[in-house]
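> Submitted below is the structure of interest, expressed as structure tokens.
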Amino acid sequence: MRYHNITKDDMLNGDGLRVVLWVAGCEHCCKECQNPVTWDPNGGLLFDESAKKEIFDQLDKPYISGITFSGGDPLHPANVLDVRNLMAEIREKYPDKTIWLYTGDIWENIRNYPMMQYVDVLVDGEFHIAEKDEKLMWKGSKNQRVINVQATLKQGDGAEPVLHCGDYNSN
């Protein structure tokens, strides 16, 4: 896996103060994407032990709510296994921290991915410039959903996704 940045004390990409891992690689290539530099899976830096330590040093801080995986797309084939493994390690080491995941894919296509057991909140769907709304919380366009993954999984397959309680502007 490769990445472009690790953002610290982020307040825009999930609930509370977060650390954000911006991975490299995206096949969605949304028109007017905020991060087109992250589309190339060979771009950025190799995610190594030093990068993992940087993330864990942030997660060690009691005021950090958790981690957000963004990019690029954490579910790009170049990322998905490493992201899942990192999520598992984070969940084990930091059980009280939340894990958020941004992807251009939709819940209905990824709900059975094994990594979903670790994700608390999923922001799904491609960014659509025609539906852009800067007033939306945690997402860029109205078609995207902010999903409470664990509540949705408890409902069972085929159930309508449960929107995260903080998604006040879901229309």
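We name chains A, B, ... following the order of the structure tokens; residues begin at 1 in each chain, and ligands are numbered from 1 as shown.
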Residues of chain A in strand (DSSP E) according to DSSP, as JSON, numbers by chain?

{"A": [2, 3, 4, 5, 6, 7, 8, 9, 10, 17, 18, 19, 20, 21, 22, 23, 45, 46, 64, 65, 66, 67, 68, 69, 70, 71, 98, 99, 100, 101, 102, 121, 122, 123, 124, 145, 146, 147, 148]}

> Within 10 Å of Phe56 in chain A, counting only C-alpha atoms, which residues qualify if same-chain residues fewer than 3 places away don't, as number ranges by chain?

A: 19, 50-53, 59-61, 67, 90, 93-94

> DSSP on the backbone: which residues in range 3-171 of chain A end up as helix (DSSP H, G or I)? Give the answer as a PyMOL selection string.

chain A and resi 36-38+49-59+80-93+107-110+114-117+129-131+149-155

> Could you list, as a ChimeraX atom specification, every residue within 9 Å of Thr7 in chain A, counting only C-alpha atoms and ignoring same-chain residues fewer than 3 positions away?

/A:10,18-22

> Rank A:Arg91, A:Lys154, A:His28, A:His4 by their smallest atom-to-atom distance to Ile106 in chain A, using only C-alpha atoms, and report the top residue only.

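Checking each of A:Arg91, A:Lys154, A:His28, A:His4 against Ile106 in chain A, counting only C-alpha atoms, the winner is A:His28.
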
> Which polymer residues have any atom within 12 Å of an atom of Trp39 in chain A, counting only C-alpha atoms, with same-chain residues fewer than 6 positions away left out, as a PDB file with N, CA, C and O atoms, in the first residue's frame?


```pdb
ATOM      1  N   ARG A   2       0.395   2.253  -0.680  1.00  0.00           N
ATOM      2  CA  ARG A   2       1.077   3.536  -0.717  1.00  0.00           C
ATOM      3  C   ARG A   2       0.123   4.611  -0.185  1.00  0.00           C
ATOM      4  O   ARG A   2      -1.084   4.417  -0.194  1.00  0.00           O
ATOM      5  N   TYR A   3       0.692   5.716   0.280  1.00  0.00           N
ATOM      6  CA  TYR A   3      -0.137   6.782   0.835  1.00  0.00           C
ATOM      7  C   TYR A   3       0.461   8.134   0.485  1.00  0.00           C
ATOM      8  O   TYR A   3       1.628   8.244   0.126  1.00  0.00           O
ATOM      9  N   HIS A   4      -0.377   9.156   0.598  1.00  0.00           N
ATOM     10  CA  HIS A   4       0.070  10.514   0.291  1.00  0.00           C
ATOM     11  C   HIS A   4       0.290  11.353   1.532  1.00  0.00           C
ATOM     12  O   HIS A   4       1.129  12.241   1.523  1.00  0.00           O
ATOM     13  N   TRP A  22      -4.432   9.095   4.072  1.00  0.00           N
ATOM     14  CA  TRP A  22      -4.817   9.362   2.684  1.00  0.00           C
ATOM     15  C   TRP A  22      -4.048   8.394   1.798  1.00  0.00           C
ATOM     16  O   TRP A  22      -2.877   8.614   1.513  1.00  0.00           O
ATOM     17  N   VAL A  23      -4.692   7.317   1.373  1.00  0.00           N
ATOM     18  CA  VAL A  23      -4.031   6.282   0.592  1.00  0.00           C
ATOM     19  C   VAL A  23      -3.961   6.666  -0.887  1.00  0.00           C
ATOM     20  O   VAL A  23      -4.713   7.518  -1.365  1.00  0.00           O
ATOM     21  N   ALA A  24      -3.075   5.998  -1.613  1.00  0.00           N
ATOM     22  CA  ALA A  24      -2.917   6.196  -3.056  1.00  0.00           C
ATOM     23  C   ALA A  24      -3.686   5.111  -3.796  1.00  0.00           C
ATOM     24  O   ALA A  24      -3.663   3.948  -3.402  1.00  0.00           O
ATOM     25  N   GLY A  25      -4.355   5.505  -4.856  1.00  0.00           N
ATOM     26  CA  GLY A  25      -5.061   4.548  -5.700  1.00  0.00           C
ATOM     27  C   GLY A  25      -6.555   4.758  -5.674  1.00  0.00           C
ATOM     28  O   GLY A  25      -7.186   4.640  -4.631  1.00  0.00           O
ATOM     29  N   CYS A  26      -7.125   5.094  -6.835  1.00  0.00           N
ATOM     30  CA  CYS A  26      -8.572   5.240  -6.954  1.00  0.00           C
ATOM     31  C   CYS A  26      -8.974   5.012  -8.400  1.00  0.00           C
ATOM     32  O   CYS A  26      -8.377   5.602  -9.311  1.00  0.00           O
ATOM     33  N   GLU A  27      -9.960   4.163  -8.597  1.00  0.00           N
ATOM     34  CA  GLU A  27     -10.462   3.881  -9.941  1.00  0.00           C
ATOM     35  C   GLU A  27     -11.727   4.668 -10.265  1.00  0.00           C
ATOM     36  O   GLU A  27     -12.229   4.596 -11.383  1.00  0.00           O
ATOM     37  N   HIS A  28     -12.265   5.414  -9.309  1.00  0.00           N
ATOM     38  CA  HIS A  28     -13.514   6.152  -9.530  1.00  0.00           C
ATOM     39  C   HIS A  28     -13.286   7.431 -10.333  1.00  0.00           C
ATOM     40  O   HIS A  28     -14.110   7.779 -11.174  1.00  0.00           O
ATOM     41  N   CYS A  29     -12.190   8.132 -10.030  1.00  0.00           N
ATOM     42  CA  CYS A  29     -11.798   9.332 -10.777  1.00  0.00           C
ATOM     43  C   CYS A  29     -12.965  10.305 -10.950  1.00  0.00           C
ATOM     44  O   CYS A  29     -13.296  10.726 -12.064  1.00  0.00           O
ATOM     45  N   CYS A  30     -13.579  10.675  -9.849  1.00  0.00           N
ATOM     46  CA  CYS A  30     -14.739  11.558  -9.866  1.00  0.00           C
ATOM     47  C   CYS A  30     -14.372  12.930 -10.434  1.00  0.00           C
ATOM     48  O   CYS A  30     -13.323  13.494 -10.112  1.00  0.00           O
ATOM     49  N   CYS A  33     -12.831  15.945  -8.310  1.00  0.00           N
ATOM     50  CA  CYS A  33     -12.368  15.336  -7.057  1.00  0.00           C
ATOM     51  C   CYS A  33     -11.440  16.303  -6.332  1.00  0.00           C
ATOM     52  O   CYS A  33     -10.652  17.012  -6.959  1.00  0.00           O
ATOM     53  N   SER A  70      -9.042   7.455   3.949  1.00  0.00           N
ATOM     54  CA  SER A  70      -9.548   8.173   2.797  1.00  0.00           C
ATOM     55  C   SER A  70      -8.509   8.101   1.697  1.00  0.00           C
ATOM     56  O   SER A  70      -7.607   7.287   1.730  1.00  0.00           O
ATOM     57  N   GLY A  71      -8.629   8.941   0.715  1.00  0.00           N
ATOM     58  CA  GLY A  71      -7.630   8.905  -0.342  1.00  0.00           C
ATOM     59  C   GLY A  71      -7.977   9.793  -1.503  1.00  0.00           C
ATOM     60  O   GLY A  71      -8.535  10.855  -1.326  1.00  0.00           O
ATOM     61  N   GLY A  72      -7.734   9.186  -2.650  1.00  0.00           N
ATOM     62  CA  GLY A  72      -7.731   7.833  -3.151  1.00  0.00           C
ATOM     63  C   GLY A  72      -8.942   7.068  -2.603  1.00  0.00           C
ATOM     64  O   GLY A  72      -9.915   7.618  -2.125  1.00  0.00           O
ATOM     65  N   ASP A  73      -8.813   5.778  -2.733  1.00  0.00           N
ATOM     66  CA  ASP A  73      -9.856   4.892  -2.227  1.00  0.00           C
ATOM     67  C   ASP A  73      -9.222   3.754  -1.441  1.00  0.00           C
ATOM     68  O   ASP A  73      -8.481   2.950  -2.014  1.00  0.00           O
ATOM     69  N   PRO A  74      -9.505   3.668  -0.145  1.00  0.00           N
ATOM     70  CA  PRO A  74      -8.964   2.578   0.656  1.00  0.00           C
ATOM     71  C   PRO A  74      -9.378   1.188   0.156  1.00  0.00           C
ATOM     72  O   PRO A  74      -8.722   0.203   0.472  1.00  0.00           O
ATOM     73  N   HIS A  76      -9.469   0.358  -3.061  1.00  0.00           N
ATOM     74  CA  HIS A  76      -8.791   0.071  -4.322  1.00  0.00           C
ATOM     75  C   HIS A  76      -8.039  -1.261  -4.152  1.00  0.00           C
ATOM     76  O   HIS A  76      -7.534  -1.561  -3.060  1.00  0.00           O
ATOM     77  N   ALA A  78      -5.161  -2.206  -4.746  1.00  0.00           N
ATOM     78  CA  ALA A  78      -3.808  -2.061  -4.217  1.00  0.00           C
ATOM     79  C   ALA A  78      -3.795  -1.803  -2.709  1.00  0.00           C
ATOM     80  O   ALA A  78      -2.747  -1.921  -2.073  1.00  0.00           O
ATOM     81  N   ASN A  79      -4.958  -1.475  -2.133  1.00  0.00           N
ATOM     82  CA  ASN A  79      -5.026  -1.064  -0.730  1.00  0.00           C
ATOM     83  C   ASN A  79      -5.806  -2.000   0.180  1.00  0.00           C
ATOM     84  O   ASN A  79      -5.549  -2.070   1.375  1.00  0.00           O
ATOM     85  N   GLY A 104     -15.492   5.434  -2.840  1.00  0.00           N
ATOM     86  CA  GLY A 104     -16.385   5.767  -3.942  1.00  0.00           C
ATOM     87  C   GLY A 104     -17.355   4.648  -4.257  1.00  0.00           C
ATOM     88  O   GLY A 104     -18.302   4.831  -5.025  1.00  0.00           O
TER      89      GLY A 104
END
```

> Name all residues at most 9 Å from Thr98 in chain A (count only C-alpha atoms; drop same-chain ones fewer than 6 positions away) and give them as number ranges by chain.

A: 15, 65-68, 91, 118-121

> Keeping only N, CA, C and O atoms, write the selected residues as a PDB file, in the first residue's frame.


```
ATOM      1  N   ASP A  15     -16.166  12.261  13.009  1.00  0.00           N
ATOM      2  CA  ASP A  15     -16.577  12.803  14.291  1.00  0.00           C
ATOM      3  C   ASP A  15     -15.376  12.994  15.218  1.00  0.00           C
ATOM      4  O   ASP A  15     -14.561  12.087  15.369  1.00  0.00           O
ATOM      5  N   SER A  65     -10.204  10.833  18.576  1.00  0.00           N
ATOM      6  CA  SER A  65     -11.392   9.963  18.551  1.00  0.00           C
ATOM      7  C   SER A  65     -11.171   8.682  17.769  1.00  0.00           C
ATOM      8  O   SER A  65     -11.811   7.670  18.036  1.00  0.00           O
ATOM      9  N   GLY A  66     -10.312   8.746  16.764  1.00  0.00           N
ATOM     10  CA  GLY A  66     -10.073   7.562  15.958  1.00  0.00           C
ATOM     11  C   GLY A  66      -9.359   7.882  14.667  1.00  0.00           C
ATOM     12  O   GLY A  66      -8.740   8.934  14.526  1.00  0.00           O
ATOM     13  N   ILE A  67      -9.482   6.963  13.724  1.00  0.00           N
ATOM     14  CA  ILE A  67      -8.807   7.086  12.435  1.00  0.00           C
ATOM     15  C   ILE A  67      -9.829   7.096  11.305  1.00  0.00           C
ATOM     16  O   ILE A  67     -10.867   6.433  11.396  1.00  0.00           O
ATOM     17  N   THR A  68      -9.504   7.847  10.269  1.00  0.00           N
ATOM     18  CA  THR A  68     -10.289   7.865   9.048  1.00  0.00           C
ATOM     19  C   THR A  68      -9.394   7.422   7.903  1.00  0.00           C
ATOM     20  O   THR A  68      -8.279   7.923   7.757  1.00  0.00           O
ATOM     21  N   ARG A  91      -8.154  -1.899  15.729  1.00  0.00           N
ATOM     22  CA  ARG A  91      -9.305  -2.313  16.544  1.00  0.00           C
ATOM     23  C   ARG A  91      -8.832  -3.083  17.783  1.00  0.00           C
ATOM     24  O   ARG A  91      -9.349  -2.900  18.883  1.00  0.00           O
ATOM     25  N   TYR A 118     -14.717  -4.102  11.166  1.00  0.00           N
ATOM     26  CA  TYR A 118     -13.904  -3.132  11.907  1.00  0.00           C
ATOM     27  C   TYR A 118     -14.371  -1.690  11.728  1.00  0.00           C
ATOM     28  O   TYR A 118     -13.963  -0.815  12.482  1.00  0.00           O
ATOM     29  N   VAL A 119     -15.185  -1.435  10.725  1.00  0.00           N
ATOM     30  CA  VAL A 119     -15.570  -0.062  10.376  1.00  0.00           C
ATOM     31  C   VAL A 119     -16.781   0.372  11.198  1.00  0.00           C
ATOM     32  O   VAL A 119     -17.783  -0.330  11.262  1.00  0.00           O
ATOM     33  N   ASP A 120     -16.675   1.535  11.805  1.00  0.00           N
ATOM     34  CA  ASP A 120     -17.805   2.115  12.544  1.00  0.00           C
ATOM     35  C   ASP A 120     -18.692   2.933  11.623  1.00  0.00           C
ATOM     36  O   ASP A 120     -19.911   2.819  11.674  1.00  0.00           O
ATOM     37  N   VAL A 121     -18.075   3.776  10.805  1.00  0.00           N
ATOM     38  CA  VAL A 121     -18.834   4.657   9.919  1.00  0.00           C
ATOM     39  C   VAL A 121     -18.224   4.605   8.520  1.00  0.00           C
ATOM     40  O   VAL A 121     -17.007   4.705   8.356  1.00  0.00           O
TER      41      VAL A 121
END
```

> Give me the residues within 12 Å of Pro114 in chain A as an MDAnalysis selection string, counting only C-alpha atoms and dropping any in the same chain fewer than 3 places off.

chainID A and resid 75 80:81 83:85 87:88 110:111 117:119 153

> Interatomic distance between CA of Leu163 in chain A and CA of Trp100 in chain A?

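So the answer is 13.3 Å.
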
> For Pro161 in chain A, list every protein, DNA or RNA residue within 8 Å, evaluated using only C-alpha atoms, and leave out those in the same chain fewer than 2 positions away; present the list as a PDB file with C-alpha atoms, in the first residue's frame.


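Result went into result25.pdb, see below:
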```pdb
ATOM      1  CA  TRP A 107     -22.583  -0.094   0.674  1.00  0.00           C
ATOM      2  CA  ILE A 147     -23.614   4.922   7.319  1.00  0.00           C
ATOM      3  CA  ASN A 148     -23.485   3.438  10.806  1.00  0.00           C
ATOM      4  CA  VAL A 149     -21.888   0.177   9.698  1.00  0.00           C
ATOM      5  CA  THR A 152     -26.533  -1.835   9.604  1.00  0.00           C
ATOM      6  CA  ALA A 159     -31.457  -4.171   4.987  1.00  0.00           C
ATOM      7  CA  LEU A 163     -27.520   6.557   8.582  1.00  0.00           C
TER       8      LEU A 163
END
```

> Ranking A:Asp157, A:Asp9, A:Asp40, A:Glu32 by minimum distance to Ser141 in chain A and counting only C-alpha atoms, which one comes first?

A:Glu32
